[in-house]
Amino acid sequence: MLAGDIKKNVCLRIDGRIYVVIDFLHVKPGKGNTVMRTKLRDVQDGRVLERTWIVSAKLEDVQVDHRQFQFLYKEGDDLVFMNNETFEQVNIAANIIDGVGFLKEGENVMATIDAATDTILTVEIPVKVVLKVTYTEPGLKGDTATNATKPATVETGAEVRVPLFINEGDMIEIDTRDGSYVTRK
C-alpha cells in the first residue's frame, strides 16, 4: 500500500510490529514532496508513535477481519469477551480498548483481527451508550437555565459530567469517544 492511501483504523506492519492508524494528515508544503503525517498506536503495548512518510512510500498493510464479540466480565486487567459466531471466550487487554469505562456486561463490540495470525488488534465499542446514573448530587427544580455541570457515576463505575437536572436512577446517553453527556433518555 502507498502512504498516500492511509486512512483511519488501517493496520500497518512496521519493523515487525503491528500499528493501527489513529489519525492522519495529508500535508502539501509550498516546496518539496507531499507527505502523510500519521499517529499510530502499537497494538501490543498501546504506545503512540508519530511517523511522516512521502506519499509515494510503500508500506506493508495487514489483512484484517472484523468480528462481533460480546463483553462478558472483567478479570484482573483483562476483559473477557465471547465470539458471537463460535462462542469461544477470549481475554483482551483493557488498554487496547478506547472508552472501556463505558462498557457494560452483555454489550456487543466490533473487533479487528489479523487474518494471518488470528490476533485481536483493536476493539471498537459503540459510539453512544445508554447507562444508568448510580450516584450524583440531587438536582434542584429549575436547574436548566445554565450550562453548569456536576459529576455523576454511571453503572459501569465511570464518572461523567452531567447537567444539574440529572438525578440518580436517570438513564443518560454518553458519547464513548470523549466521555461526554449527550442526552437524558
# chains A, B, ... in the order shown; residues from 1 in each chain; ligands from 1
>>> residues_around(residues="Val20 of chain A", least_positions_apart="3", cutoff="6 Å", atoms="only C-alpha atoms", output="list in words")
Asn9, Val10, Cys11, Leu40 and Arg41 of chain A
>>> residues_around(residues="Phe102 of chain A", least_positions_apart="3", cutoff="7 Å", atoms="only C-alpha atoms", output="compact mmCIF listing (two decimals) with all heavy atoms, in the first residue's frame")
# COMPACT_ATOMS: atom_id res chain seq x y z
N GLY A 99 -12.44 3.98 25.53
CA GLY A 99 -13.76 4.13 26.15
C GLY A 99 -14.19 2.92 26.95
O GLY A 99 -15.37 2.68 27.14
N THR A 156 -21.32 1.54 35.17
CA THR A 156 -20.05 0.86 34.91
C THR A 156 -18.95 1.34 35.84
O THR A 156 -17.85 0.82 35.81
CB THR A 156 -19.60 1.09 33.46
OG1 THR A 156 -19.44 2.50 33.26
CG2 THR A 156 -20.60 0.52 32.47
N ALA A 158 -17.78 4.51 35.74
CA ALA A 158 -17.15 5.68 35.13
C ALA A 158 -17.83 6.95 35.63
O ALA A 158 -19.00 6.95 36.00
CB ALA A 158 -17.25 5.59 33.62
N THR A 176 -18.95 7.69 23.82
CA THR A 176 -17.81 6.95 24.36
C THR A 176 -16.47 7.45 23.85
O THR A 176 -15.44 7.13 24.42
CB THR A 176 -17.93 5.45 24.04
OG1 THR A 176 -17.98 5.28 22.61
CG2 THR A 176 -19.16 4.85 24.67
>>> residues_around(residues="Asn84 of chain A", least_positions_apart="3", cutoff="12 Å", atoms="only C-alpha atoms", output="ChimeraX atom specification")
/A:66-72,81,87-90,106-111
>>> write_last_selection(atoms="C-alpha atoms", output="tab-separated table (two decimals), in the first residue's frame")
chain	number	residue	atom	x	y	z
A	66	HIS	CA	-13.96	-7.80	11.57
A	67	ARG	CA	-15.89	-9.95	14.03
A	68	GLN	CA	-18.51	-9.20	16.65
A	69	PHE	CA	-17.83	-10.08	20.28
A	70	GLN	CA	-19.94	-9.77	23.42
A	71	PHE	CA	-18.43	-8.42	26.65
A	72	LEU	CA	-18.92	-10.93	29.49
A	81	PHE	CA	-15.32	-11.50	25.51
A	87	PHE	CA	-18.96	-18.91	21.26
A	88	GLU	CA	-15.26	-19.10	22.24
A	89	GLN	CA	-14.16	-16.92	25.15
A	90	VAL	CA	-11.19	-14.61	24.64
A	106	GLY	CA	-23.66	-8.00	27.58
A	107	GLU	CA	-22.62	-5.15	25.24
A	108	ASN	CA	-21.59	-6.11	21.70
A	109	VAL	CA	-18.33	-4.73	20.27
A	110	MET	CA	-16.57	-4.99	16.91
A	111	ALA	CA	-13.06	-6.45	16.94
>>> closest_residue(among="A:Ile22, A:Leu59, A:Phe165, A:Leu103", to="Tyr73 of chain A", atoms="only C-alpha atoms")
A:Leu103
>>> select_by_dssp(residues="segment 83-114 of chain A", states="strand (DSSP E)", output="ChimeraX atom specification")
/A:83,89-93,108-114
>>> residues_around(residues="Ala152 of chain A", least_positions_apart="6", cutoff="8 Å", atoms="only C-alpha atoms", output="VMD selection string")
chain A and resid 133 to 137 159 to 162
>>> atom_distance(atom1="atom CA of Arg13 of chain A", atom2="atom CA of Leu79 of chain A")
25.4 Å
>>> closest_residue(among="A:Pro126, A:Ile113, A:Val64, A:Asp23", to="Asn83 of chain A", atoms="only C-alpha atoms")
A:Ile113
>>> atom_distance(atom1="atom CA of Asp61 of chain A", atom2="atom CA of Pro29 of chain A")
26.1 Å
>>> decode(residues="segment 158-172 of chain A", atoms="N, CA and C atoms", output="mmCIF file, in the first residue's frame")
data_model
loop_
_atom_site.group_PDB
_atom_site.id
_atom_site.type_symbol
_atom_site.label_atom_id
_atom_site.label_comp_id
_atom_site.auth_asym_id
_atom_site.auth_seq_id
_atom_site.Cartn_x
_atom_site.Cartn_y
_atom_site.Cartn_z
ATOM 1 N N ALA A 158 -17.782 4.507 35.743
ATOM 2 C CA ALA A 158 -17.152 5.676 35.133
ATOM 3 C C ALA A 158 -17.828 6.949 35.632
ATOM 4 N N GLU A 159 -17.061 8.044 35.628
ATOM 5 C CA GLU A 159 -17.605 9.333 36.043
ATOM 6 C C GLU A 159 -17.790 10.216 34.820
ATOM 7 N N VAL A 160 -18.927 10.908 34.773
ATOM 8 C CA VAL A 160 -19.301 11.745 33.636
ATOM 9 C C VAL A 160 -19.778 13.084 34.176
ATOM 10 N N ARG A 161 -19.506 14.163 33.438
ATOM 11 C CA ARG A 161 -20.054 15.478 33.779
ATOM 12 C C ARG A 161 -21.443 15.583 33.154
ATOM 13 N N VAL A 162 -22.455 15.867 33.978
ATOM 14 C CA VAL A 162 -23.840 15.932 33.513
ATOM 15 C C VAL A 162 -24.461 17.264 33.937
ATOM 16 N N PRO A 163 -25.563 17.678 33.265
ATOM 17 C CA PRO A 163 -26.271 18.904 33.683
ATOM 18 C C PRO A 163 -26.842 18.747 35.099
ATOM 19 N N LEU A 164 -27.139 19.864 35.719
ATOM 20 C CA LEU A 164 -27.598 19.870 37.109
ATOM 21 C C LEU A 164 -28.934 19.167 37.322
ATOM 22 N N PHE A 165 -29.775 19.033 36.289
ATOM 23 C CA PHE A 165 -31.101 18.437 36.465
ATOM 24 C C PHE A 165 -31.090 16.905 36.458
ATOM 25 N N ILE A 166 -29.965 16.272 36.195
ATOM 26 C CA ILE A 166 -29.877 14.807 36.185
ATOM 27 C C ILE A 166 -29.866 14.291 37.623
ATOM 28 N N ASN A 167 -30.654 13.237 37.875
ATOM 29 C CA ASN A 167 -30.742 12.645 39.212
ATOM 30 C C ASN A 167 -30.327 11.177 39.182
ATOM 31 N N GLU A 168 -30.134 10.611 40.371
ATOM 32 C CA GLU A 168 -29.854 9.175 40.484
ATOM 33 C C GLU A 168 -30.999 8.397 39.857
ATOM 34 N N GLY A 169 -30.669 7.320 39.133
ATOM 35 C CA GLY A 169 -31.681 6.489 38.513
ATOM 36 C C GLY A 169 -32.028 6.895 37.091
ATOM 37 N N ASP A 170 -31.623 8.106 36.667
ATOM 38 C CA ASP A 170 -31.885 8.544 35.290
ATOM 39 C C ASP A 170 -31.031 7.734 34.316
ATOM 40 N N MET A 171 -31.569 7.489 33.134
ATOM 41 C CA MET A 171 -30.824 6.847 32.060
ATOM 42 C C MET A 171 -30.289 7.963 31.165
ATOM 43 N N ILE A 172 -28.968 7.955 30.923
ATOM 44 C CA ILE A 172 -28.368 9.002 30.098
ATOM 45 C C ILE A 172 -27.588 8.375 28.944
#
